[in-house]
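Printed here is protein05.txt (compact mmCIF, C-alpha atoms and all ligand atoms):
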```txt
# COMPACT_ATOMS: atom_id res chain seq x y z
CA MET C 1 -13.93 -14.25 -5.22
CA ARG C 2 -14.55 -11.22 -3.10
CA TRP C 3 -13.15 -9.42 -0.07
CA VAL C 4 -15.35 -9.75 2.97
CA ALA C 5 -14.98 -8.21 6.42
CA ILE C 6 -14.02 -10.96 8.83
CA ARG C 7 -17.20 -10.41 10.89
CA ASN C 8 -19.27 -11.22 7.77
CA VAL C 9 -17.39 -14.36 6.72
CA ARG C 10 -19.51 -17.47 7.02
CA ALA C 11 -17.91 -20.54 8.62
CA ASN C 12 -16.45 -22.99 6.10
CA SER C 13 -15.90 -20.35 3.42
CA VAL C 14 -12.91 -21.07 1.21
CA LEU C 15 -9.95 -18.70 1.27
CA ALA C 16 -9.33 -17.29 -2.23
CA GLN C 17 -6.06 -15.51 -1.56
CA PRO C 18 -3.26 -16.51 0.77
CA ILE C 19 -2.45 -14.68 3.99
CA LEU C 20 1.22 -13.69 4.08
CA ASP C 21 3.55 -13.06 6.98
CA GLU C 22 6.05 -10.20 7.23
CA ARG C 23 8.56 -11.98 4.97
CA GLY C 24 6.03 -12.90 2.33
CA ARG C 25 5.75 -16.50 3.51
CA ILE C 26 2.33 -18.09 3.23
CA LEU C 27 0.62 -18.40 6.62
CA LEU C 28 -2.68 -19.66 5.25
CA ALA C 29 -2.85 -20.91 1.70
CA ARG C 30 -5.50 -20.37 -0.92
CA GLY C 31 -8.15 -23.07 -0.73
CA VAL C 32 -8.09 -23.42 3.07
CA LEU C 33 -11.51 -23.94 4.65
CA LEU C 34 -12.16 -21.21 7.22
CA SER C 35 -13.63 -23.07 10.19
CA ASP C 36 -15.21 -21.27 13.14
CA ASN C 37 -12.02 -21.81 15.13
CA LEU C 38 -9.83 -20.40 12.41
CA LEU C 39 -12.07 -17.35 12.03
CA VAL C 40 -11.84 -16.66 15.76
CA LYS C 41 -8.04 -16.95 15.51
CA LEU C 42 -7.88 -14.53 12.56
CA ARG C 43 -10.05 -12.06 14.46
CA THR C 44 -7.75 -12.33 17.48
CA LEU C 45 -4.80 -11.61 15.23
CA GLY C 46 -6.47 -8.36 14.19
CA ILE C 47 -7.17 -9.35 10.59
CA GLY C 48 -9.99 -7.16 9.28
CA SER C 49 -10.98 -8.92 6.08
CA VAL C 50 -10.19 -11.89 3.88
CA CYS C 51 -10.72 -12.83 0.29
CA VAL C 52 -13.12 -15.76 -0.08
CA GLU C 53 -14.65 -17.86 -2.86
CA ASP C 54 -18.23 -16.90 -3.46
CA ALA C 55 -20.79 -18.37 -5.88
CA LEU C 56 -22.06 -14.96 -7.07
CA THR C 57 -18.58 -13.73 -7.89
CA ASP C 58 -16.67 -16.87 -8.84
CA ASP C 59 -15.87 -15.42 -12.27
CA ILE C 60 -14.18 -12.40 -10.65
CA VAL C 61 -10.48 -12.97 -10.24
CA GLY C 62 -8.54 -10.32 -8.35
CA LYS C 63 -5.01 -10.86 -9.53
CA ASP C 64 -1.97 -9.13 -8.15
CA PHE C 65 -0.59 -6.73 -10.74
CA ILE C 66 2.90 -8.07 -10.21
CA SER C 67 3.76 -11.76 -10.13
CA PRO C 68 3.02 -13.21 -6.69
CA HIS C 69 6.55 -14.65 -6.46
CA VAL C 70 8.04 -11.20 -7.16
CA ARG C 71 5.95 -9.66 -4.37
CA GLN C 72 7.06 -12.43 -2.02
CA GLN C 73 10.71 -11.95 -2.98
CA MET C 74 10.38 -8.19 -2.49
CA LEU C 75 8.92 -8.69 0.98
CA ASP C 76 11.70 -11.09 1.91
CA ALA C 77 14.41 -8.77 0.56
CA THR C 78 12.85 -5.74 2.29
CA TYR C 79 12.60 -7.63 5.57
CA SER C 80 16.23 -8.72 5.55
CA SER C 81 17.52 -5.36 4.23
CA LEU C 82 15.73 -3.29 6.88
CA ASN C 83 16.83 -5.63 9.67
CA ASP C 84 20.41 -5.77 8.37
CA LEU C 85 20.58 -2.01 8.15
CA ALA C 86 19.12 -1.52 11.60
CA SER C 87 21.63 -3.84 13.23
CA GLY C 88 24.64 -2.71 11.15
CA THR C 89 27.20 -0.39 12.71
CA HIS C 90 30.80 -0.61 11.50
CA VAL C 91 30.08 -2.71 8.41
CA ARG C 92 27.70 -0.35 6.73
CA TYR C 93 29.71 0.04 3.56
CA VAL C 94 29.78 -3.70 2.95
CA ARG C 95 26.12 -4.00 3.78
CA GLY C 96 25.36 -1.11 1.43
CA ALA C 97 27.13 -2.82 -1.45
CA ARG C 98 25.32 -6.07 -0.77
CA LEU C 99 22.09 -4.22 -0.34
CA ARG C 100 22.12 -2.65 -3.79
CA GLN C 101 23.28 -5.91 -5.33
CA LYS C 102 20.43 -7.74 -3.67
CA LEU C 103 17.69 -5.24 -4.48
CA ARG C 104 18.74 -4.28 -8.00
CA PRO C 105 17.56 -7.36 -9.95
CA LEU C 106 14.27 -7.43 -8.06
CA VAL C 107 13.53 -3.75 -8.63
CA GLU C 108 14.47 -4.14 -12.29
CA GLU C 109 12.06 -7.06 -12.62
CA VAL C 110 9.28 -5.01 -11.04
CA ILE C 111 9.98 -2.07 -13.37
CA GLU C 112 9.71 -4.40 -16.35
CA GLU C 113 6.38 -5.81 -15.14
CA LEU C 114 4.96 -2.35 -14.40
CA ARG C 115 6.17 -1.08 -17.78
CA ASN C 116 4.18 -3.82 -19.52
CA LEU C 117 1.14 -3.14 -17.39
CA GLY C 118 1.23 0.66 -17.67
CA GLY C 119 0.54 1.40 -14.00
CA ALA C 120 -0.32 -0.11 -10.65
CA GLU C 121 -3.55 -1.34 -9.18
CA GLN C 122 -4.48 -1.26 -5.56
CA PHE C 123 -4.24 -4.84 -4.46
CA GLY C 124 -5.92 -6.26 -1.41
CA THR C 125 -3.42 -8.08 0.75
CA VAL C 126 -3.95 -9.46 4.19
CA TYR C 127 -1.14 -9.42 6.66
CA LEU C 128 -0.58 -9.40 10.38
CA SER C 129 0.13 -6.06 11.99
CA ASP C 130 3.69 -7.26 12.74
CA GLY C 131 4.38 -7.20 9.03
CA GLU C 132 2.91 -3.76 8.44
CA LEU C 133 6.22 -1.95 7.88
CA TYR C 134 7.41 -4.44 5.26
CA HIS C 135 4.14 -4.67 3.33
CA HIS C 136 3.80 -0.88 3.44
CA SER C 137 7.37 -0.46 2.12
CA VAL C 138 6.76 -2.82 -0.80
CA ASN C 139 3.46 -1.13 -1.73
CA VAL C 140 5.02 2.32 -1.53
CA ALA C 141 7.86 1.20 -3.82
CA LEU C 142 5.39 -0.29 -6.34
CA PHE C 143 3.27 2.87 -6.41
CA ALA C 144 6.33 5.16 -6.54
CA LEU C 145 7.74 3.22 -9.49
CA SER C 146 4.40 3.39 -11.33
CA VAL C 147 4.30 7.16 -10.90
CA GLY C 148 7.98 7.42 -11.91
CA LEU C 149 7.37 5.33 -15.03
CA GLY C 150 4.47 7.58 -16.00
CA MET C 151 6.72 10.62 -15.49
CA LYS C 152 9.20 9.05 -17.91
CA LEU C 153 12.12 8.81 -15.50
CA SER C 154 15.25 7.13 -16.87
CA ALA C 155 16.10 3.50 -16.06
CA ASP C 156 18.82 4.63 -13.60
CA GLN C 157 16.45 7.05 -11.88
CA LEU C 158 13.77 4.38 -11.58
CA LEU C 159 16.23 1.98 -10.01
CA ASP C 160 17.25 4.52 -7.35
CA LEU C 161 13.64 5.54 -6.78
CA GLY C 162 12.61 1.89 -6.29
CA ILE C 163 15.45 1.02 -3.91
CA GLY C 164 15.06 4.26 -1.96
CA ALA C 165 11.29 3.79 -1.66
CA LEU C 166 11.72 0.23 -0.34
CA LEU C 167 13.99 1.65 2.37
CA HIS C 168 12.09 4.91 3.00
CA ASP C 169 10.97 3.97 6.52
CA VAL C 170 14.19 2.24 7.62
CA GLY C 171 14.41 4.86 10.41
CA LYS C 172 11.34 3.28 12.02
CA MET C 173 13.55 0.34 12.97
CA ARG C 174 14.97 2.67 15.66
CA ILE C 175 11.60 3.77 17.03
CA PRO C 176 10.60 1.86 20.17
CA GLU C 177 7.91 -0.76 19.56
CA LYS C 178 5.62 0.75 22.18
CA VAL C 179 5.41 3.90 20.04
CA LEU C 180 5.54 2.22 16.64
CA LYS C 181 2.81 -0.28 17.44
CA LYS C 182 0.79 1.67 19.94
CA PRO C 183 -2.85 0.59 19.65
CA GLY C 184 -4.14 4.14 19.94
CA ARG C 185 -3.39 7.70 18.96
CA LEU C 186 0.10 8.93 19.80
CA THR C 187 0.60 11.62 22.43
CA ASP C 188 2.43 14.78 21.34
CA ALA C 189 5.67 13.46 22.83
CA GLU C 190 5.29 10.11 21.09
CA TYR C 191 4.52 11.80 17.79
CA THR C 192 7.67 13.90 18.14
CA GLU C 193 9.60 10.69 18.71
CA MET C 194 7.96 9.00 15.73
CA LYS C 195 8.90 11.92 13.48
CA LEU C 196 12.56 11.26 14.25
CA HIS C 197 12.42 8.26 11.91
CA ALA C 198 13.12 10.50 8.90
CA GLN C 199 16.36 11.73 10.48
CA TYR C 200 17.27 8.23 11.68
CA GLY C 201 16.71 6.83 8.20
CA TYR C 202 19.10 9.35 6.74
CA GLU C 203 21.70 8.51 9.39
CA ILE C 204 21.36 4.77 8.84
CA LEU C 205 21.84 5.08 5.08
CA LEU C 206 24.43 7.88 5.21
CA ASN C 207 27.50 5.66 5.04
CA ASP C 208 26.15 3.23 2.52
CA HIS C 209 28.22 4.67 -0.28
CA ASP C 210 26.91 2.15 -2.74
CA LEU C 211 23.44 3.66 -2.50
CA HIS C 212 23.07 6.76 -4.62
CA GLY C 213 22.38 10.01 -2.81
CA SER C 214 18.96 10.31 -4.40
CA ALA C 215 17.91 6.92 -3.02
CA ARG C 216 19.14 7.93 0.45
CA LEU C 217 17.31 11.26 0.35
CA ILE C 218 13.95 9.52 0.15
CA SER C 219 14.19 8.38 3.77
CA TYR C 220 15.11 11.95 4.78
CA GLU C 221 12.55 13.85 2.71
CA HIS C 222 9.43 11.72 2.31
CA HIS C 223 7.63 13.66 5.07
CA GLU C 224 8.55 17.09 3.70
CA ARG C 225 5.67 19.02 2.15
CA MET C 226 5.78 21.48 -0.76
CA ASP C 227 4.35 24.31 1.37
CA GLY C 228 6.99 23.88 4.07
CA THR C 229 4.70 22.21 6.61
CA GLY C 230 6.55 18.88 6.60
CA TYR C 231 9.44 17.49 8.62
CA PRO C 232 12.27 17.11 9.58
CA ARG C 233 13.61 20.26 7.91
CA GLY C 234 10.49 22.06 6.69
CA LEU C 235 11.88 22.23 3.14
CA VAL C 236 9.86 24.09 0.52
CA GLY C 237 8.98 23.25 -3.10
CA GLY C 238 11.85 22.35 -5.40
CA ASP C 239 14.27 22.09 -2.46
CA ILE C 240 12.69 18.69 -1.86
CA HIS C 241 14.16 16.05 -4.15
CA LEU C 242 11.78 14.77 -6.83
CA PHE C 243 11.99 11.26 -5.34
CA GLY C 244 10.98 12.64 -1.93
CA ARG C 245 8.03 14.42 -3.58
CA ILE C 246 6.91 11.22 -5.34
CA THR C 247 7.28 9.07 -2.23
CA ALA C 248 5.38 11.64 -0.12
CA VAL C 249 2.26 11.22 -2.25
CA VAL C 250 2.24 7.43 -2.45
CA ASP C 251 3.26 7.01 1.20
CA VAL C 252 0.27 9.05 2.39
CA TYR C 253 -2.08 7.22 0.04
CA GLU C 254 -0.84 3.79 1.09
CA ALA C 255 -0.96 4.64 4.80
CA LEU C 256 -4.50 6.05 4.64
CA THR C 257 -5.93 3.05 2.80
CA ALA C 258 -4.52 0.51 5.24
CA ASN C 259 -6.33 -0.46 8.42
CA ARG C 260 -4.46 0.72 11.48
CA VAL C 261 -4.85 -0.49 15.00
CA TYR C 262 -6.19 2.92 16.02
CA ARG C 263 -8.45 3.64 13.03
CA PRO C 264 -10.10 1.86 10.12
CA ALA C 265 -8.85 2.49 6.61
CA TYR C 266 -10.15 5.45 4.64
CA LEU C 267 -12.28 4.53 1.67
CA PRO C 268 -9.95 4.46 -1.34
CA HIS C 269 -11.71 7.39 -3.03
CA GLU C 270 -11.56 9.46 0.16
CA ALA C 271 -7.80 8.96 0.39
CA TYR C 272 -7.52 9.65 -3.33
CA GLU C 273 -9.46 12.90 -3.01
CA LEU C 274 -7.28 13.94 -0.09
CA ILE C 275 -4.23 13.52 -2.31
CA LEU C 276 -5.88 15.43 -5.16
CA GLY C 277 -6.87 18.18 -2.73
CA GLY C 278 -3.26 18.49 -1.58
CA GLY C 279 -1.90 18.90 -5.12
CA GLY C 280 -0.22 22.29 -5.48
CA THR C 281 -0.10 22.91 -1.71
CA GLN C 282 1.28 19.96 0.25
CA PHE C 283 2.05 17.81 -2.75
CA ASP C 284 3.77 18.49 -6.07
CA ALA C 285 0.96 19.01 -8.62
CA THR C 286 2.92 17.23 -11.38
CA VAL C 287 3.45 14.20 -9.14
CA VAL C 288 -0.26 14.16 -8.20
CA ASP C 289 -1.06 14.20 -11.93
CA GLY C 290 1.31 11.28 -12.41
CA PHE C 291 -0.38 9.48 -9.52
CA VAL C 292 -3.84 9.95 -11.09
CA ASP C 293 -2.55 8.56 -14.38
CA ALA C 294 -0.75 5.59 -12.88
CA ILE C 295 -2.86 4.20 -10.04
CA SER C 296 -6.15 2.39 -10.04
CA ILE C 297 -7.55 2.52 -6.51
CA TYR C 298 -10.39 0.00 -6.10
CA PRO C 299 -9.13 -3.58 -6.01
CA VAL C 300 -11.15 -5.97 -8.12
CA GLY C 301 -13.17 -8.15 -5.75
CA MET C 302 -13.67 -5.49 -3.07
CA THR C 303 -17.14 -5.62 -1.51
CA VAL C 304 -18.65 -2.12 -1.44
CA GLU C 305 -21.70 -0.63 0.18
CA LEU C 306 -23.58 1.89 -1.95
CA SER C 307 -25.58 4.96 -0.92
CA SER C 308 -28.64 3.31 -2.51
CA GLY C 309 -28.43 0.58 0.15
CA TYR C 310 -27.19 -2.05 -2.29
CA ARG C 311 -24.02 -4.05 -1.83
CA GLY C 312 -21.81 -5.02 -4.69
CA VAL C 313 -18.39 -6.17 -5.75
CA VAL C 314 -15.90 -4.16 -7.80
CA ILE C 315 -15.39 -5.69 -11.24
CA HIS C 316 -13.30 -3.01 -12.91
CA SER C 317 -11.67 0.20 -11.76
CA PRO C 318 -10.23 2.08 -14.74
CA ARG C 319 -7.58 4.76 -14.29
CA ARG C 320 -8.75 8.39 -14.32
CA GLN C 321 -12.29 7.08 -13.52
CA THR C 322 -10.93 5.09 -10.65
CA GLN C 323 -13.08 6.71 -7.91
CA ARG C 324 -16.22 5.39 -9.59
CA PRO C 325 -15.64 1.74 -10.54
CA LEU C 326 -17.89 -0.77 -12.28
CA VAL C 327 -19.74 -2.78 -9.62
CA ARG C 328 -21.76 -6.00 -9.68
CA VAL C 329 -24.71 -5.63 -7.31
CA ILE C 330 -25.31 -8.79 -5.28
CA GLU C 331 -27.47 -7.66 -2.33
CA ASP C 332 -30.51 -5.39 -2.19
CA ASP C 333 -31.15 -2.64 0.33
CA ASN C 334 -32.59 -5.18 2.81
CA GLY C 335 -29.39 -7.18 2.80
CA GLN C 336 -31.04 -9.95 0.76
CA PRO C 337 -29.26 -11.50 -2.23
CA VAL C 338 -30.72 -10.09 -5.46
CA SER C 339 -32.38 -12.71 -7.67
CA GLN C 340 -30.32 -11.61 -10.63
CA PRO C 341 -26.98 -9.82 -10.00
CA PHE C 342 -26.59 -6.78 -12.26
CA GLU C 343 -23.86 -4.32 -13.13
CA LEU C 344 -23.80 -0.69 -12.06
CA ASP C 345 -21.35 1.65 -13.70
CA LEU C 346 -20.70 4.30 -11.05
CA SER C 347 -18.98 6.54 -13.62
CA ARG C 348 -22.47 6.94 -15.16
CA GLU C 349 -24.68 6.63 -12.07
CA LEU C 350 -23.42 9.83 -10.51
CA THR C 351 -26.06 9.97 -7.78
CA VAL C 352 -24.82 6.70 -6.26
CA GLN C 353 -21.81 6.86 -3.94
CA ILE C 354 -19.63 4.22 -2.32
CA ILE C 355 -20.17 4.70 1.40
CA GLY C 356 -18.36 1.69 2.83
CA CYS C 357 -16.13 -1.18 1.89
CA GLU C 358 -15.01 -4.46 3.40
CA ILE C 359 -11.27 -4.33 3.57
FE FE C 401 7.78 7.61 7.04
```
Spit out the file's structure as structure tokens when you get a sec.
Ligand SMILES: [Fe+2]
Amino acid sequence: MRWVAIRNVRANSVLAQPILDERGRILLARGVLLSDNLLVKLRTLGIGSVCVEDALTDDIVGKDFISPHVRQQMLDATYSSLNDLASGTHVRYVRGARLRQKLRPLVEEVIEELRNLGGAEQFGTVYLSDGELYHHSVNVALFALSVGLGMKLSADQLLDLGIGALLHDVGKMRIPEKVLKKPGRLTDAEYTEMKLHAQYGYEILLNDHDLHGSARLISYEHHERMDGTGYPRGLVGGDIHLFGRITAVVDVYEALTANRVYRPAYLPHEAYELILGGGGTQFDATVVDGFVDAISIYPVGMTVELSSGYRGVVIHSPRRQTQRPLVRVIEDDNGQPVSQPFELDLSRELTVQIIGCEI
């Protein structure tokens, strides 16, 4: 299997990974034949790439690093929690109690899976832009927990970090859709409005006494920056809660590597280098170190374009060498399939760069 930009998918290719909606329900199942009509529909829906079966890469299996049913349950729980919270007014306490009850077993299951795995891997998922907030929230929680595990946080801390990270953008539920989903860059006034989501999030969670303060603070502080350049309060350094500092790093990484209506995704290593570059200034250097240890950035199966003109597919992306994965070359510099696919280890071939990818 490999990820292919939708414009490059040939008609009648077979879908190798399902397309999920905002609640984690399967919109298009694995094994579906992508007819011309279906491809047009997917393009209209704004889907940038899909994972397809491919003869040259049929031994490559890009598996989610958590069980697919756990990811689906997390999406469903995040969807209902964020919507419940946004509509709740006088019953917040009750909702808060239910909320923690609902999220706790799921987050504990995820922690267990991540503990066995020893980190998180970037995983290609396809979803409609309507589901962006929910998929983003789940990915941020998975990355935050991986970093937290690497930093040896206690079981109680991890639970609060996971729940708080799932809810970190709950304030966006109060931002008008025309701003939230604007298909273009925000004006200064719109950006000011968007920034209010951190304050709103804090207000929404304030009376949920069942949520621990540290989980609540994530929504308030995930846009603060160590050097005081963040919002809403412009906090500096250690005044920002550790969970806010962890979520800041993984939130930026996750947002940069996702396609947005107004810009394509950054290449994973570009986003990664941006995070590394911000260590010690915008971001907590210890957290950035934890991020480097915990996250593998190139999803297995991603089609990449190399500076040598070749195209290949990521086979392996080890941690700490994650910017330079192992690639199977399948097309030459004329765009023709190579007669014999071969492997290129970018951690050794330092003159070759990844200059594009299909996701
Ligand atoms: Fe946010």
Of C:Ser219, C:Ser154, C:Thr44, C:Asn83, the one nearest to ligand FE 401 (chain C) when counting only C-alpha atoms and all ligand atoms is C:Ser219
| Using all atoms listed in the file, what are the residues with an atom within 8 Å of ligand FE 401 (chain C), set out as a PyMOL selection string? | chain C and resi 168-169+171-172+195+197-198+219+222-223+251
Export of prior selection with C-alpha atoms as a compact mmCIF listing (two decimals), keeping the file's coordinate frame:
```txt
# COMPACT_ATOMS: atom_id res chain seq x y z
CA HIS C 168 12.09 4.91 3.00
CA ASP C 169 10.97 3.97 6.52
CA GLY C 171 14.41 4.86 10.41
CA LYS C 172 11.34 3.28 12.02
CA LYS C 195 8.90 11.92 13.48
CA HIS C 197 12.42 8.26 11.91
CA ALA C 198 13.12 10.50 8.90
CA SER C 219 14.19 8.38 3.77
CA HIS C 222 9.43 11.72 2.31
CA HIS C 223 7.63 13.66 5.07
CA ASP C 251 3.26 7.01 1.20
```
Q.
If I take atom CA of C:Ala248 and atom CA of C:Asp293, how far is one from the other in Å, to one decimal?
A.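 It comes out at 16.6 Å.
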Subject >> Expected answer as a ChimeraX atom specification: all residues with atoms within 12 Å of (11.3, -2.4, 16.4), all atoms listed in the file >> reply: /C:82-83,86-87,130-134,169-182,194,197
**Asked** For C:Glu358, which residue out of C:Val4, C:Ala55, C:Ala165, C:Met74 is the nearest one, using all atoms listed in the file?
**Response**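 Ranking C:Val4, C:Ala55, C:Ala165, C:Met74 by distance to C:Glu358, first place goes to C:Val4.
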_Residues within 10 Å of C:Val313, all atoms listed in the file, excluding chain neighbours under 4 positions, as a PyMOL selection string_ = chain C and resi 1-4+56-57+60+299-305+325-331+343-344+357-358
TODO: Show which residues sit within 10 Å of C:Gly238, as a list in words. Count all atoms listed in the file, and ignore same-chain residues fewer than 4 positions away.
DONE: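 Selected residues are Met226, Leu242, Arg245 and Asp284 of chain C.
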One residue among C:Gly48, C:Gly335, C:Pro268, C:Pro68 is nearest to C:Gln323 when using all atoms listed in the file, and that residue is C:Pro268
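The shortest atom-to-atom distance to C:Ser49, with only C-alpha atoms taken into account, belongs to C:Ala5 out of C:Ala258, C:Ala5, C:Ala215, C:Leu103.
Closest to C:Pro318 among C:Ser35, C:Ser80, C:Asn139, C:Ser347 is C:Ser347, based on only C-alpha atoms.
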Residue contacts of C:Gln157 (12 Å, only C-alpha atoms) excluding same-chain residues fewer than 3 positions away, as a PDB file with C-alpha atoms, in the coordinates of the input:
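Generated file (out.pdb):
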```
ATOM      1  CA  VAL C 107      13.530  -3.750  -8.630  1.00  0.00           C
ATOM      2  CA  GLU C 108      14.470  -4.140 -12.290  1.00  0.00           C
ATOM      3  CA  ILE C 111       9.980  -2.070 -13.370  1.00  0.00           C
ATOM      4  CA  ALA C 144       6.330   5.160  -6.540  1.00  0.00           C
ATOM      5  CA  LEU C 145       7.740   3.220  -9.490  1.00  0.00           C
ATOM      6  CA  GLY C 148       7.980   7.420 -11.910  1.00  0.00           C
ATOM      7  CA  LEU C 149       7.370   5.330 -15.030  1.00  0.00           C
ATOM      8  CA  MET C 151       6.720  10.620 -15.490  1.00  0.00           C
ATOM      9  CA  LYS C 152       9.200   9.050 -17.910  1.00  0.00           C
ATOM     10  CA  LEU C 153      12.120   8.810 -15.500  1.00  0.00           C
ATOM     11  CA  SER C 154      15.250   7.130 -16.870  1.00  0.00           C
ATOM     12  CA  ASP C 160      17.250   4.520  -7.350  1.00  0.00           C
ATOM     13  CA  LEU C 161      13.640   5.540  -6.780  1.00  0.00           C
ATOM     14  CA  GLY C 162      12.610   1.890  -6.290  1.00  0.00           C
ATOM     15  CA  ILE C 163      15.450   1.020  -3.910  1.00  0.00           C
ATOM     16  CA  GLY C 164      15.060   4.260  -1.960  1.00  0.00           C
ATOM     17  CA  ALA C 165      11.290   3.790  -1.660  1.00  0.00           C
ATOM     18  CA  HIS C 212      23.070   6.760  -4.620  1.00  0.00           C
ATOM     19  CA  GLY C 213      22.380  10.010  -2.810  1.00  0.00           C
ATOM     20  CA  SER C 214      18.960  10.310  -4.400  1.00  0.00           C
ATOM     21  CA  ALA C 215      17.910   6.920  -3.020  1.00  0.00           C
ATOM     22  CA  LEU C 242      11.780  14.770  -6.830  1.00  0.00           C
ATOM     23  CA  PHE C 243      11.990  11.260  -5.340  1.00  0.00           C
TER      24      PHE C 243
END
```
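Minimum atom-to-atom distance to C:Asn207, evaluated using all atoms listed in the file, belongs to C:Leu85 out of C:Leu85, C:Ile246, C:Ile47, C:Leu114.
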Near C:Ala16, within 6 Å and counting only C-alpha atoms, which residues show up once chain neighbours fewer than 4 positions away are dropped, as a list in words?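 Neighbouring residues, sequence-local ones excluded: Arg30, Cys51, Val52 and Glu53 of chain C.
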Point-to-point distance from atom CA of C:Val140 to atom CA of C:Leu166, Å rounded to tenths: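 Rounded to one decimal, the two atoms are 7.1 Å apart.
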For a quick check of your reading of the model, name the residues lying within 12 Å of the coordinate (7.1, 24.4, -3.2), counting only C-alpha atoms, and write them as an MDAnalysis selection string. chainID C and resid 224:230 234:242 245 279:286
Between atom CA of C:Gln321 and atom CA of C:Gly278 lies a distance of 18.8 Å
